Amino acid sequence: MVPLPRVRVVVDYRPALAQRTGLGEYVHELARALARLPQGRPEVTAFAASWRDRPTAEAVTDLSGVRIVDRRVPVGLLRRAWHHRGWPPLEWLAGRCDVAHSPTPLLLPARHAARVVTVFDLHFLHAPGEARDVAQRDFAARVRAHVPRADHVIAGSAYAARLVQDAFALGPDRVTTTPLGAPRWADEVRRRRDEAPGRTLLFIGTLEPRKNVGLLLDAYERLRARRPDTPPLTIAGGLGPGGQAWVDRCARPPLAGHVRVLGYVTDAERQRLFADALALALPSVDEGFGLPALEALACGVPVVVSPAGALPEVVDGAGLVAPLDAPDAWADALERCLDAGVARDLATRGPRRAAQFTWEATDNATRGAYEAAIAARAERR
């Protein structure tokens with residue numbers, strides 16, 4: 001494939017505007033790193049659109065080299081127009097471009113640009129009722145019409161790539177795997193951890209059914225029953241469907257006073273939580289990547305994950321894996337993380353594993369996906 005110089009790319013930045021969870025972090029870091037590629041650097045535009053939310057001053061500074069187009073329009077109106085009518089074309093709002101990159105499975109409407117979508121998981125197809133918002137509910141209704149029409153598909157993990165190829169009968173030449181990169185702040189968190197030992201067990205993620213927090217609470221109860229000196233548990237993440245029941249449970253005995261529920265946390269707060277963590281637990285029933293697991297590995301925090309989705313792929317021997325629907329096994333795994341020798345071993349293995357995930361590698365692979373999309377678009381004309 002012949003490299004295409006100065007490709008003009010518009011990345012939909014909307015997921016990073018309000019609460020920058022995993023998808024928002026992906027969008028922000030992708031745009032930032034694309035603009036800093038040492039060779040074949042594209043012209044990157046971050047497209048923001050909302051009536052209420054604006055890119056923060058910190059984000060704008062961090063996105064040096066990225067053109068930001070910020071449209072003050074009702075996001076719900078734009079979403080309905082785009083997803084239901086395929087109008088207006090992105091070029092009208094963000095200017096001419098060669099690639100229109102949606103970080104979700106739904107296409108951005110474009111007149112001339114090659115269209116790329118990113119897929120992390122297809123859980124919404126199997127459990128549409130668990131969607132957190134209207135936008136995600138649109139995924140289940142429209143993804144089968146959108147993904148096959150994309151000029152190229154980016155998958156956030158090898159697990160996601162297999163899902164996409166199987167669900168939409170796409171050949172491997174239509175899909176590029178681009179795992180996420182380790183956080184830039186991990187070295188600083190490791191330094192803080194060296195200065196002061198952690199004090200809490202930790203969960204980070206939206207409180208929604210697929211995160212399976214009930215299993216973690218069951219395991220924590222059992223661990224405290226046999227080991228009363230078990231450190232407290234901190235739960236951080238926005239509230240999704242069904243999450244209030246877990247919050248209410250944490251306020252009742254035997255968990256009351258031992259579990260702290262924080263809600264959504266900022267990036268700075270997230271770093272403080274990792275600095276103070278004895279272990280991170282992710283008992284999800286599905287994960288398209290599992291960014292908190294990679295963040296914990298990079299910070300030297302012992303990790304316990306379920307064998308679901310891409311989690312084993314990300315951890316790959318640098319953490320502990322406990323089976324789903326087995327609270328006793330989870331209690332045992334968490335207790336192992338409290339052993340000083342086990343914790344030291346995992347704290348050594350984690351950063352080594354995380355070093356294999358870089359945003360430069362993500363963006364180089366993404367650049368290749370853009371070139372493939374442009375070539376596919378040209379062939380159809």
# chains A, B, ... in the order shown; residues from 1 in each chain; ligands from 1
>>> residues_around(residues="Leu34 of chain A", least_positions_apart="6", cutoff="7 Å", atoms="only C-alpha atoms", output="PyMOL selection string")
chain A and resi 41-42+363
>>> residues_around(residues="segment 299-310 of chain A", least_positions_apart="2", cutoff="7 Å", atoms="only C-alpha atoms", output="VMD selection string")
chain A and resid 157 159 186 to 187 189 to 190 277 to 290 293 295 to 297 312 to 314 319 to 324 333 337 343 346 to 348 350 to 351
>>> closest_atom_pairs(of="segment 300-358 of chain A", to="segment 214-224 of chain A", cutoff="8 Å", atoms="only C-alpha atoms", output="JSON lines")
{"residue": "A:Leu324", "atom": "CA", "partner": "A:Leu215", "partner_atom": "CA", "distance": 8.0}
{"residue": "A:Asp325", "atom": "CA", "partner": "A:Leu215", "partner_atom": "CA", "distance": 6.8}
{"residue": "A:Ala326", "atom": "CA", "partner": "A:Leu215", "partner_atom": "CA", "distance": 7.7}
{"residue": "A:Pro327", "atom": "CA", "partner": "A:Ala219", "partner_atom": "CA", "distance": 4.5}
{"residue": "A:Asp328", "atom": "CA", "partner": "A:Ala219", "partner_atom": "CA", "distance": 6.0}
{"residue": "A:Ala329", "atom": "CA", "partner": "A:Ala219", "partner_atom": "CA", "distance": 7.8}
{"residue": "A:Trp330", "atom": "CA", "partner": "A:Ala219", "partner_atom": "CA", "distance": 5.6}
{"residue": "A:Ala331", "atom": "CA", "partner": "A:Ala219", "partner_atom": "CA", "distance": 4.7}
{"residue": "A:Asp332", "atom": "CA", "partner": "A:Leu223", "partner_atom": "CA", "distance": 7.6}
{"residue": "A:Glu335", "atom": "CA", "partner": "A:Leu223", "partner_atom": "CA", "distance": 7.3}
>>> select_by_dssp(residues="segment 245-275 of chain A", states="strand (DSSP E)", output="VMD selection string")
chain A and resid 259 to 263
>>> write_last_selection(atoms="C-alpha atoms", output="CSV table (one decimal), in the first residue's frame")
chain,number,residue,atom,x,y,z
A,259,VAL,CA,-17.2,0.2,51.0
A,260,ARG,CA,-16.9,3.8,49.7
A,261,VAL,CA,-18.9,4.6,46.5
A,262,LEU,CA,-17.5,7.7,44.8
A,263,GLY,CA,-19.4,8.0,41.5
>>> residues_around(residues="Cys97 of chain A", least_positions_apart="6", cutoff="8 Å", atoms="only C-alpha atoms", output="VMD selection string")
chain A and resid 7 to 10 91 112 to 113
>>> residues_around(residues="Glu188 of chain A", least_positions_apart="3", cutoff="12 Å", atoms="only C-alpha atoms", output="PyMOL selection string")
chain A and resi 183-185+191-195+268+271-272+274-275+298-300
>>> write_last_selection(atoms="all heavy atoms", output="CSV table (one decimal), in the first residue's frame")
chain,number,residue,atom,x,y,z
A,183,PRO,N,-1.3,4.6,30.1
A,183,PRO,CA,-1.4,6.0,30.4
A,183,PRO,C,-0.1,6.7,30.6
A,183,PRO,O,0.9,6.1,31.1
A,183,PRO,CB,-2.2,6.0,31.8
A,183,PRO,CG,-1.9,4.7,32.4
A,183,PRO,CD,-1.8,3.7,31.2
A,184,ARG,N,-0.1,8.0,30.2
A,184,ARG,CA,1.2,8.7,30.3
A,184,ARG,C,1.6,9.0,31.8
A,184,ARG,O,2.7,9.3,32.0
A,184,ARG,CB,1.0,10.1,29.6
A,184,ARG,CG,0.9,9.9,28.1
A,184,ARG,CD,0.6,11.3,27.4
A,184,ARG,NE,-0.8,11.6,27.4
A,184,ARG,CZ,-1.3,12.8,27.5
A,184,ARG,NH1,-0.5,13.8,27.7
A,184,ARG,NH2,-2.6,13.0,27.4
A,185,TRP,N,0.6,9.0,32.7
A,185,TRP,CA,0.9,9.3,34.1
A,185,TRP,C,1.3,8.1,34.9
A,185,TRP,O,1.4,8.3,36.1
A,185,TRP,CB,-0.4,10.0,34.7
A,185,TRP,CG,-1.7,9.4,34.3
A,185,TRP,CD1,-2.5,10.0,33.3
A,185,TRP,CD2,-2.4,8.3,34.8
A,185,TRP,NE1,-3.7,9.2,33.2
A,185,TRP,CE2,-3.6,8.2,34.1
A,185,TRP,CE3,-2.0,7.3,35.7
A,185,TRP,CZ2,-4.5,7.1,34.4
A,185,TRP,CZ3,-2.9,6.3,36.0
A,185,TRP,CH2,-4.2,6.2,35.3
A,191,ARG,N,5.8,6.2,41.3
A,191,ARG,CA,6.6,6.9,42.2
A,191,ARG,C,5.9,7.1,43.5
A,191,ARG,O,6.4,6.9,44.6
A,191,ARG,CB,7.1,8.2,41.6
A,191,ARG,CG,8.1,9.0,42.5
A,191,ARG,CD,8.3,10.4,42.0
A,191,ARG,NE,7.1,11.2,42.0
A,191,ARG,CZ,6.6,11.7,43.1
A,191,ARG,NH1,7.2,11.5,44.3
A,191,ARG,NH2,5.5,12.4,43.1
A,192,ARG,N,4.6,7.6,43.4
A,192,ARG,CA,3.8,7.8,44.6
A,192,ARG,C,3.6,6.6,45.4
A,192,ARG,O,3.6,6.6,46.6
A,192,ARG,CB,2.5,8.5,44.2
A,192,ARG,CG,2.7,10.0,43.7
A,192,ARG,CD,1.6,10.5,42.9
A,192,ARG,NE,0.3,10.5,43.6
A,192,ARG,CZ,-0.8,10.9,43.0
A,192,ARG,NH1,-0.8,11.3,41.7
A,192,ARG,NH2,-1.9,11.0,43.6
A,193,ARG,N,3.4,5.5,44.7
A,193,ARG,CA,3.2,4.2,45.4
A,193,ARG,C,4.4,3.7,46.1
A,193,ARG,O,4.4,3.1,47.2
A,193,ARG,CB,2.8,3.1,44.3
A,193,ARG,CG,1.4,3.3,43.8
A,193,ARG,CD,1.0,2.3,42.7
A,193,ARG,NE,1.0,0.9,43.2
A,193,ARG,CZ,0.1,0.4,44.0
A,193,ARG,NH1,-1.0,1.1,44.3
A,193,ARG,NH2,0.2,-0.8,44.4
A,194,ASP,N,5.6,4.0,45.6
A,194,ASP,CA,6.8,3.7,46.2
A,194,ASP,C,7.0,4.5,47.6
A,194,ASP,O,7.6,4.0,48.5
A,194,ASP,CB,8.0,4.0,45.3
A,194,ASP,CG,8.1,3.0,44.2
A,194,ASP,OD1,7.5,1.9,44.3
A,194,ASP,OD2,8.8,3.3,43.2
A,195,GLU,N,6.4,5.7,47.6
A,195,GLU,CA,6.6,6.5,48.8
A,195,GLU,C,5.6,6.1,49.9
A,195,GLU,O,5.9,6.3,51.1
A,195,GLU,CB,6.4,8.0,48.4
A,195,GLU,CG,7.5,8.5,47.5
A,195,GLU,CD,7.2,9.9,47.0
A,195,GLU,OE1,6.1,10.4,47.3
A,195,GLU,OE2,8.1,10.5,46.4
A,268,ALA,N,-7.5,13.2,37.5
A,268,ALA,CA,-6.6,13.4,38.6
A,268,ALA,C,-7.1,12.5,39.8
A,268,ALA,O,-6.2,11.9,40.5
A,268,ALA,CB,-6.6,14.9,39.0
A,271,GLN,N,-6.0,9.0,39.2
A,271,GLN,CA,-4.6,8.7,39.5
A,271,GLN,C,-4.4,8.5,41.0
A,271,GLN,O,-3.6,7.7,41.4
A,271,GLN,CB,-3.7,9.9,39.0
A,271,GLN,CG,-3.7,10.0,37.4
A,271,GLN,CD,-3.1,11.2,36.9
A,271,GLN,OE1,-2.0,11.6,37.4
A,271,GLN,NE2,-3.7,11.9,35.9
A,272,ARG,N,-5.1,9.3,41.8
A,272,ARG,CA,-4.9,9.2,43.3
A,272,ARG,C,-5.5,7.8,43.7
A,272,ARG,O,-4.9,7.2,44.6
A,272,ARG,CB,-5.7,10.3,44.0
A,272,ARG,CG,-5.0,11.7,43.9
A,272,ARG,CD,-5.6,12.7,44.9
A,272,ARG,NE,-7.0,13.1,44.5
A,272,ARG,CZ,-7.2,14.1,43.7
A,272,ARG,NH1,-6.2,14.8,43.2
A,272,ARG,NH2,-8.5,14.4,43.4
A,274,PHE,N,-5.4,5.0,42.0
A,274,PHE,CA,-4.4,4.0,41.7
A,274,PHE,C,-3.2,4.1,42.6
A,274,PHE,O,-2.6,3.0,43.0
A,274,PHE,CB,-4.0,4.1,40.2
A,274,PHE,CG,-5.0,3.5,39.2
A,274,PHE,CD1,-5.6,4.3,38.2
A,274,PHE,CD2,-5.3,2.1,39.3
A,274,PHE,CE1,-6.5,3.7,37.3
A,274,PHE,CE2,-6.1,1.6,38.4
A,274,PHE,CZ,-6.7,2.4,37.4
A,275,ALA,N,-2.9,5.3,43.0
A,275,ALA,CA,-1.7,5.4,43.9
A,275,ALA,C,-2.0,4.8,45.3
A,275,ALA,O,-1.1,4.3,46.0
A,275,ALA,CB,-1.4,6.9,44.1
A,298,ALA,N,0.1,-0.8,34.4
A,298,ALA,CA,1.1,0.2,34.2
A,298,ALA,C,1.5,0.9,35.5
A,298,ALA,O,2.7,1.3,35.7
A,298,ALA,CB,0.6,1.3,33.2
A,299,CYS,N,0.6,1.0,36.5
A,299,CYS,CA,0.9,1.7,37.7
A,299,CYS,C,1.5,0.7,38.8
A,299,CYS,O,1.8,1.1,39.9
A,299,CYS,CB,-0.4,2.3,38.3
A,299,CYS,SG,-1.0,3.7,37.3
A,300,GLY,N,1.6,-0.6,38.4
A,300,GLY,CA,2.1,-1.5,39.4
A,300,GLY,C,1.1,-2.0,40.4
A,300,GLY,O,1.5,-2.5,41.5
>>> closest_residue(among="A:Ser50, A:Thr358, A:Ser102, A:Gln39", to="Leu23 of chain A", atoms="only C-alpha atoms")
A:Ser102
>>> decode(residues="segment 235-293 of chain A", atoms="C-alpha atoms", output="compact mmCIF listing (two decimals), in the first residue's frame")
# COMPACT_ATOMS: atom_id res chain seq x y z
CA ILE A 235 -15.96 1.78 43.99
CA ALA A 236 -15.57 4.57 41.43
CA GLY A 237 -17.68 5.09 38.34
CA GLY A 238 -20.79 6.70 36.98
CA LEU A 239 -24.20 5.23 37.67
CA GLY A 240 -25.69 3.06 34.91
CA PRO A 241 -28.87 0.96 34.67
CA GLY A 242 -29.27 -1.21 37.77
CA GLY A 243 -26.31 0.39 39.51
CA GLN A 244 -28.34 2.02 42.29
CA ALA A 245 -29.08 -1.40 43.80
CA TRP A 246 -25.33 -1.93 44.33
CA VAL A 247 -24.98 1.55 45.83
CA ASP A 248 -27.83 0.82 48.24
CA ARG A 249 -26.30 -2.53 49.21
CA CYS A 250 -23.01 -0.83 50.08
CA ALA A 251 -24.88 1.42 52.53
CA ARG A 252 -26.30 -1.55 54.46
CA PRO A 253 -24.57 -4.01 56.83
CA PRO A 254 -22.32 -5.90 56.50
CA LEU A 255 -20.81 -3.60 53.86
CA ALA A 256 -21.73 -0.27 55.44
CA GLY A 257 -18.65 1.55 56.63
CA HIS A 258 -16.33 -0.70 54.64
CA VAL A 259 -17.23 0.23 51.04
CA ARG A 260 -16.87 3.76 49.70
CA VAL A 261 -18.86 4.63 46.54
CA LEU A 262 -17.49 7.72 44.79
CA GLY A 263 -19.40 8.01 41.52
CA TYR A 264 -17.63 9.32 38.42
CA VAL A 265 -14.06 10.47 39.10
CA THR A 266 -11.87 12.90 37.19
CA ASP A 267 -8.54 11.93 35.68
CA ALA A 268 -6.64 13.43 38.62
CA GLU A 269 -8.85 11.57 41.10
CA ARG A 270 -8.34 8.38 39.12
CA GLN A 271 -4.59 8.72 39.50
CA ARG A 272 -4.95 9.20 43.26
CA LEU A 273 -7.06 6.06 43.47
CA PHE A 274 -4.44 3.97 41.67
CA ALA A 275 -1.73 5.41 43.90
CA ASP A 276 -3.70 4.25 46.95
CA ALA A 277 -4.82 0.85 45.60
CA LEU A 278 -3.73 -2.52 46.95
CA ALA A 279 -5.46 -4.26 44.04
CA LEU A 280 -7.91 -3.56 41.22
CA ALA A 281 -10.82 -5.95 40.67
CA LEU A 282 -12.72 -6.18 37.35
CA PRO A 283 -15.32 -8.99 37.44
CA SER A 284 -16.96 -7.98 34.13
CA VAL A 285 -19.06 -10.42 32.10
CA ASP A 286 -17.81 -8.70 28.92
CA GLU A 287 -15.11 -6.15 28.09
CA GLY A 288 -14.04 -4.93 24.67
CA PHE A 289 -10.70 -3.89 26.15
CA GLY A 290 -10.70 -3.06 29.86
CA LEU A 291 -8.75 0.19 30.14
CA PRO A 292 -8.71 0.22 33.99
CA ALA A 293 -6.87 -3.12 33.89
